[in-house]
Amino acid sequence: MLDEPRSGRLASWGNALLAGLVSPDEAAHRIADDDAVHRVEGLPGEASPVGLTLALGRLRTLGAVGLRVALPVAGHPLGLSGPPEFNARALEAEEAVLAVGAGLGLVPEIYEAGPEGGSGPDVHVEVVWNCLPVREGPPADVPSLGEAERELAEALREATEALSTLDVAGSGPVAQAALEAYRARAEAGRQVLAPGYPPRAVRVLELAQRVGALIDIARQAGGDGEHGGAVSASEIAARAEALRPVERTARRAQVAAYNAAVEERERRG
């Protein structure tokens with residue numbers, strides 16, 4: 001959870017485009033970010049995959065008034081509304097975007113090419129968003145921003161307590177790298193949401209990402225058998241069980257933040 005999901009970028013900047021706050025080219029550029037290219041396949045009226053600029057325009061003509069995020073995992077269909085075929089694809093990818101008003105959803109497939117173990121500019125990443133029918137209806141288990149913020153305050157305390165049981169300074173380079181990566185991103189002042197989102201959504205998303213970073217660090221430190229954070233297999237399992245509801249809270253908050261623009265528009269009528 002250190003990095004924002006691609007579905008979050010698509011929904012965030014797609015919503016800004018639908019609201020007329022950014023240009024199609026800027027939205028497409030922000031969504032792609034460091035990926036080489038994004039295409040949308042299966043869009044009604046298109047016989048072959050199309051680029052993001054055309055796809056977002058076509059979704060608008062098909063009735064889309066906003067984009068929502070789903071971040072489902074096994075046993076938790078967070079943000080989904082059916083049908084089962086779409087839910088299964090989204091669960092496999094662990095993310096999806098739902099086009100409100102168009103009855104369509106987008107699920108990403110990631111294709112990477114480059115040297116084994118490579119990263120950054122060494123890896124060529126292409127993303128194909130598969131467009132499928134979805135059921136219009138309330139998304140599963142998505143809290144309001146207020147609920148998410150209250151839940152996150154408790155989740156942050158629990159994640160911090162879990163970390164305090166570890167000797168993070170002696171838990172090895174993986175945990176340290178994760179901590180430094182989070183700090184670097186936090187200090188970069190990056191724009192976590194596109195224009196048009198309420199300040200509370202930005203605050204909730206930043207806090208959810210912080211909680212996610214702590215969870216990642218706790219897991220990496222706890223599973224390193226060569227450093228000071230090493231614990232027994234049973235203790236690792238117990239810690240994973242303890243962190244599961246914290247992670248669930250962070251994912252719910254992420255979805256609430258990304259969906260806030262749509263919820264705000266619906267409240268205003």
# chains A, B, ... in the order shown; residues from 1 in each chain; ligands from 1

$ residues_around --residues "Gly75 (chain A)" --least-positions-apart "2" --cutoff "12 Å" --atoms "only C-alpha atoms" --output "PyMOL selection string"
chain A and resi 71-73+77-78+87-88+91+94+140-141+244+248

$ write_last_selection --atoms "all heavy atoms" --output "mmCIF file, in the first residue's frame"
data_model
loop_
_atom_site.group_PDB
_atom_site.id
_atom_site.type_symbol
_atom_site.label_atom_id
_atom_site.label_comp_id
_atom_site.auth_asym_id
_atom_site.auth_seq_id
_atom_site.Cartn_x
_atom_site.Cartn_y
_atom_site.Cartn_z
ATOM 1 N N LEU A 71 -11.373 -1.711 -4.397
ATOM 2 C CA LEU A 71 -10.113 -2.358 -4.014
ATOM 3 C C LEU A 71 -10.422 -3.670 -3.288
ATOM 4 O O LEU A 71 -10.148 -3.821 -2.095
ATOM 5 C CB LEU A 71 -9.269 -1.434 -3.127
ATOM 6 C CG LEU A 71 -8.776 -0.129 -3.735
ATOM 7 C CD1 LEU A 71 -8.026 0.698 -2.705
ATOM 8 C CD2 LEU A 71 -7.902 -0.383 -4.958
ATOM 9 N N PRO A 72 -10.987 -4.642 -4.002
ATOM 10 C CA PRO A 72 -11.410 -5.884 -3.343
ATOM 11 C C PRO A 72 -10.254 -6.840 -3.091
ATOM 12 O O PRO A 72 -9.253 -6.835 -3.809
ATOM 13 C CB PRO A 72 -12.388 -6.490 -4.358
ATOM 14 C CG PRO A 72 -11.830 -6.047 -5.683
ATOM 15 C CD PRO A 72 -11.295 -4.657 -5.443
ATOM 16 N N VAL A 73 -10.402 -7.650 -2.059
ATOM 17 C CA VAL A 73 -9.514 -8.785 -1.798
ATOM 18 C C VAL A 73 -10.405 -9.952 -1.382
ATOM 19 O O VAL A 73 -11.598 -9.780 -1.136
ATOM 20 C CB VAL A 73 -8.473 -8.474 -0.694
ATOM 21 C CG1 VAL A 73 -7.517 -7.375 -1.127
ATOM 22 C CG2 VAL A 73 -9.166 -8.107 0.615
ATOM 23 N N PRO A 77 -15.346 -7.719 -0.793
ATOM 24 C CA PRO A 77 -15.587 -7.155 -2.127
ATOM 25 C C PRO A 77 -15.699 -5.635 -2.111
ATOM 26 O O PRO A 77 -16.652 -5.050 -2.640
ATOM 27 C CB PRO A 77 -16.907 -7.816 -2.534
ATOM 28 C CG PRO A 77 -17.625 -7.999 -1.237
ATOM 29 C CD PRO A 77 -16.558 -8.317 -0.213
ATOM 30 N N LEU A 78 -14.738 -4.979 -1.520
ATOM 31 C CA LEU A 78 -14.781 -3.537 -1.264
ATOM 32 C C LEU A 78 -14.988 -2.730 -2.551
ATOM 33 O O LEU A 78 -14.170 -2.760 -3.454
ATOM 34 C CB LEU A 78 -13.471 -3.111 -0.592
ATOM 35 C CG LEU A 78 -13.277 -1.624 -0.334
ATOM 36 C CD1 LEU A 78 -14.353 -1.086 0.597
ATOM 37 C CD2 LEU A 78 -11.894 -1.374 0.268
ATOM 38 N N ASN A 87 -17.007 -8.896 -10.778
ATOM 39 C CA ASN A 87 -16.409 -9.001 -9.444
ATOM 40 C C ASN A 87 -15.217 -9.950 -9.438
ATOM 41 O O ASN A 87 -14.190 -9.685 -8.787
ATOM 42 C CB ASN A 87 -17.447 -9.479 -8.432
ATOM 43 C CG ASN A 87 -18.464 -8.397 -8.093
ATOM 44 O OD1 ASN A 87 -18.447 -7.308 -8.668
ATOM 45 N ND2 ASN A 87 -19.358 -8.699 -7.170
ATOM 46 N N ALA A 88 -15.335 -11.076 -10.160
ATOM 47 C CA ALA A 88 -14.250 -12.053 -10.204
ATOM 48 C C ALA A 88 -13.009 -11.458 -10.855
ATOM 49 O O ALA A 88 -11.885 -11.658 -10.373
ATOM 50 C CB ALA A 88 -14.696 -13.306 -10.953
ATOM 51 N N LEU A 91 -11.521 -8.898 -8.452
ATOM 52 C CA LEU A 91 -10.880 -9.552 -7.319
ATOM 53 C C LEU A 91 -9.512 -10.088 -7.700
ATOM 54 O O LEU A 91 -8.549 -10.000 -6.925
ATOM 55 C CB LEU A 91 -11.765 -10.678 -6.799
ATOM 56 C CG LEU A 91 -11.256 -11.463 -5.589
ATOM 57 C CD1 LEU A 91 -11.017 -10.538 -4.401
ATOM 58 C CD2 LEU A 91 -12.252 -12.551 -5.209
ATOM 59 N N GLU A 94 -7.373 -7.142 -7.843
ATOM 60 C CA GLU A 94 -7.441 -6.432 -6.568
ATOM 61 C C GLU A 94 -7.681 -4.942 -6.735
ATOM 62 O O GLU A 94 -7.402 -4.144 -5.835
ATOM 63 C CB GLU A 94 -6.193 -6.692 -5.707
ATOM 64 C CG GLU A 94 -6.042 -8.148 -5.292
ATOM 65 C CD GLU A 94 -4.961 -8.362 -4.248
ATOM 66 O OE1 GLU A 94 -4.170 -7.419 -4.007
ATOM 67 O OE2 GLU A 94 -4.909 -9.462 -3.663
ATOM 68 N N ALA A 140 -20.041 -1.937 -2.301
ATOM 69 C CA ALA A 140 -19.978 -2.702 -1.057
ATOM 70 C C ALA A 140 -18.994 -2.101 -0.056
ATOM 71 O O ALA A 140 -17.828 -1.867 -0.386
ATOM 72 C CB ALA A 140 -19.575 -4.153 -1.357
ATOM 73 N N ASP A 141 -19.480 -1.844 1.179
ATOM 74 C CA ASP A 141 -18.660 -1.562 2.356
ATOM 75 C C ASP A 141 -17.806 -0.299 2.249
ATOM 76 O O ASP A 141 -16.742 -0.219 2.845
ATOM 77 C CB ASP A 141 -17.753 -2.767 2.661
ATOM 78 C CG ASP A 141 -17.240 -2.734 4.091
ATOM 79 O OD1 ASP A 141 -17.989 -2.305 4.978
ATOM 80 O OD2 ASP A 141 -16.077 -3.126 4.316
ATOM 81 N N ARG A 244 -4.545 -7.480 9.993
ATOM 82 C CA ARG A 244 -5.539 -7.614 8.919
ATOM 83 C C ARG A 244 -6.665 -6.586 9.032
ATOM 84 O O ARG A 244 -7.004 -5.921 8.048
ATOM 85 C CB ARG A 244 -6.080 -9.042 8.886
ATOM 86 C CG ARG A 244 -6.945 -9.336 7.662
ATOM 87 C CD ARG A 244 -7.223 -10.812 7.518
ATOM 88 N NE ARG A 244 -5.999 -11.554 7.183
ATOM 89 C CZ ARG A 244 -5.423 -12.463 7.951
ATOM 90 N NH1 ARG A 244 -5.946 -12.770 9.119
ATOM 91 N NH2 ARG A 244 -4.327 -13.085 7.564
ATOM 92 N N ARG A 248 -7.583 -3.528 6.387
ATOM 93 C CA ARG A 248 -8.940 -3.401 5.857
ATOM 94 C C ARG A 248 -9.436 -1.962 6.022
ATOM 95 O O ARG A 248 -10.027 -1.382 5.101
ATOM 96 C CB ARG A 248 -9.861 -4.383 6.589
ATOM 97 C CG ARG A 248 -11.312 -4.401 6.118
ATOM 98 C CD ARG A 248 -12.139 -5.284 7.046
ATOM 99 N NE ARG A 248 -13.531 -5.383 6.644
ATOM 100 C CZ ARG A 248 -14.069 -6.435 6.052
ATOM 101 N NH1 ARG A 248 -13.329 -7.493 5.769
ATOM 102 N NH2 ARG A 248 -15.349 -6.441 5.732
#

$ residues_around --residues "Trp13 (chain A)" --least-positions-apart "2" --cutoff "9 Å" --atoms "only C-alpha atoms" --output "PyMOL selection string"
chain A and resi 8-11+15-18+22+26-28+30-31+193-195

$ write_last_selection --atoms "all heavy atoms" --output "compact mmCIF listing (two decimals), in the first residue's frame"
# COMPACT_ATOMS: atom_id res chain seq x y z
N GLY A 8 -6.90 4.25 -8.65
CA GLY A 8 -7.04 5.53 -7.98
C GLY A 8 -6.68 6.68 -8.89
O GLY A 8 -7.38 7.71 -8.92
N ARG A 9 -5.58 6.54 -9.63
CA ARG A 9 -5.20 7.60 -10.57
C ARG A 9 -6.25 7.76 -11.66
O ARG A 9 -6.60 8.88 -12.04
CB ARG A 9 -3.83 7.29 -11.19
CG ARG A 9 -2.68 7.36 -10.23
CD ARG A 9 -1.35 7.63 -10.95
NE ARG A 9 -1.08 6.68 -12.01
CZ ARG A 9 -0.37 5.56 -11.87
NH1 ARG A 9 0.11 5.24 -10.67
NH2 ARG A 9 -0.13 4.76 -12.89
N LEU A 10 -6.75 6.65 -12.19
CA LEU A 10 -7.74 6.72 -13.25
C LEU A 10 -9.01 7.41 -12.76
O LEU A 10 -9.55 8.30 -13.43
CB LEU A 10 -8.07 5.31 -13.76
CG LEU A 10 -9.18 5.20 -14.82
CD1 LEU A 10 -8.89 6.08 -16.01
CD2 LEU A 10 -9.37 3.75 -15.25
N ALA A 11 -9.49 7.01 -11.58
CA ALA A 11 -10.71 7.62 -11.06
C ALA A 11 -10.49 9.10 -10.71
O ALA A 11 -11.33 9.95 -11.04
CB ALA A 11 -11.19 6.86 -9.83
N ASN A 15 -12.27 11.82 -12.95
CA ASN A 15 -13.30 12.67 -12.36
C ASN A 15 -13.01 14.15 -12.62
O ASN A 15 -13.93 14.93 -12.87
CB ASN A 15 -13.40 12.41 -10.86
CG ASN A 15 -14.19 11.15 -10.54
OD1 ASN A 15 -15.12 10.79 -11.25
ND2 ASN A 15 -13.80 10.45 -9.48
N ALA A 16 -11.75 14.53 -12.52
CA ALA A 16 -11.39 15.93 -12.79
C ALA A 16 -11.71 16.29 -14.24
O ALA A 16 -12.18 17.40 -14.53
CB ALA A 16 -9.91 16.16 -12.49
N LEU A 17 -11.47 15.35 -15.15
CA LEU A 17 -11.78 15.59 -16.56
C LEU A 17 -13.29 15.71 -16.76
O LEU A 17 -13.77 16.63 -17.44
CB LEU A 17 -11.23 14.46 -17.41
CG LEU A 17 -11.61 14.49 -18.91
CD1 LEU A 17 -11.08 15.75 -19.57
CD2 LEU A 17 -11.08 13.25 -19.62
N LEU A 18 -14.06 14.80 -16.19
CA LEU A 18 -15.50 14.83 -16.34
C LEU A 18 -16.10 16.11 -15.76
O LEU A 18 -17.15 16.58 -16.22
CB LEU A 18 -16.13 13.60 -15.67
CG LEU A 18 -15.85 12.25 -16.32
CD1 LEU A 18 -16.37 11.11 -15.45
CD2 LEU A 18 -16.48 12.18 -17.72
N VAL A 22 -9.65 19.66 -15.80
CA VAL A 22 -8.37 19.43 -16.47
C VAL A 22 -8.66 19.05 -17.92
O VAL A 22 -9.78 18.66 -18.27
CB VAL A 22 -7.55 18.30 -15.79
CG1 VAL A 22 -7.19 18.67 -14.37
CG2 VAL A 22 -8.30 16.98 -15.83
N GLU A 26 -3.97 16.24 -20.17
CA GLU A 26 -3.38 16.24 -18.83
C GLU A 26 -3.89 15.04 -18.03
O GLU A 26 -3.13 14.38 -17.32
CB GLU A 26 -3.70 17.52 -18.07
CG GLU A 26 -3.07 17.53 -16.68
CD GLU A 26 -3.35 18.79 -15.88
OE1 GLU A 26 -4.08 19.66 -16.37
OE2 GLU A 26 -2.81 18.89 -14.75
N ALA A 27 -5.19 14.75 -18.15
CA ALA A 27 -5.75 13.61 -17.43
C ALA A 27 -5.06 12.33 -17.85
O ALA A 27 -4.66 11.52 -17.00
CB ALA A 27 -7.25 13.52 -17.68
N ALA A 28 -4.89 12.12 -19.15
CA ALA A 28 -4.25 10.90 -19.65
C ALA A 28 -2.81 10.81 -19.17
O ALA A 28 -2.33 9.73 -18.80
CB ALA A 28 -4.31 10.87 -21.17
N ARG A 30 -1.47 12.18 -16.44
CA ARG A 30 -1.44 11.94 -14.99
C ARG A 30 -1.82 10.49 -14.66
O ARG A 30 -1.26 9.89 -13.74
CB ARG A 30 -2.40 12.89 -14.29
CG ARG A 30 -2.00 14.34 -14.38
CD ARG A 30 -0.90 14.67 -13.40
NE ARG A 30 -0.74 16.11 -13.24
CZ ARG A 30 -0.16 16.69 -12.21
NH1 ARG A 30 0.35 15.94 -11.25
NH2 ARG A 30 -0.03 17.99 -12.14
N ILE A 31 -2.77 9.94 -15.40
CA ILE A 31 -3.18 8.56 -15.14
C ILE A 31 -2.06 7.59 -15.48
O ILE A 31 -1.76 6.67 -14.72
CB ILE A 31 -4.45 8.23 -15.95
CG1 ILE A 31 -5.64 9.05 -15.44
CG2 ILE A 31 -4.77 6.73 -15.87
CD1 ILE A 31 -6.83 9.04 -16.37
N LEU A 193 -4.44 13.76 -4.99
CA LEU A 193 -5.72 13.70 -5.67
C LEU A 193 -5.79 14.84 -6.69
O LEU A 193 -5.15 15.87 -6.53
CB LEU A 193 -6.87 13.82 -4.68
CG LEU A 193 -7.16 12.58 -3.81
CD1 LEU A 193 -8.17 12.93 -2.72
CD2 LEU A 193 -7.66 11.42 -4.65
N ALA A 194 -6.59 14.63 -7.71
CA ALA A 194 -6.74 15.63 -8.76
C ALA A 194 -7.59 16.80 -8.26
O ALA A 194 -8.24 16.73 -7.21
CB ALA A 194 -7.39 14.98 -9.98
N PRO A 195 -7.62 17.90 -9.01
CA PRO A 195 -8.50 19.02 -8.64
C PRO A 195 -9.96 18.58 -8.55
O PRO A 195 -10.39 17.68 -9.27
CB PRO A 195 -8.29 20.01 -9.80
CG PRO A 195 -6.93 19.69 -10.34
CD PRO A 195 -6.79 18.20 -10.19

$ residues_around --residues "Ala155 (chain A)" --least-positions-apart "4" --cutoff "10 Å" --atoms "only C-alpha atoms" --output "list in words"
Glu149, Arg150, Glu151, Ala159, Thr160, Glu161, Leu207, Ala208, Val211, Gly212, Leu243, Pro245, Val246, Glu247, Arg248, Thr249 and Ala250 of chain A

$ residues_around --residues "Pro49 (chain A)" --least-positions-apart "6" --cutoff "8 Å" --atoms "only C-alpha atoms" --output "list of chain:residue names"
A:Arg39, A:Val40, A:Glu41, A:Gly42, A:Leu43
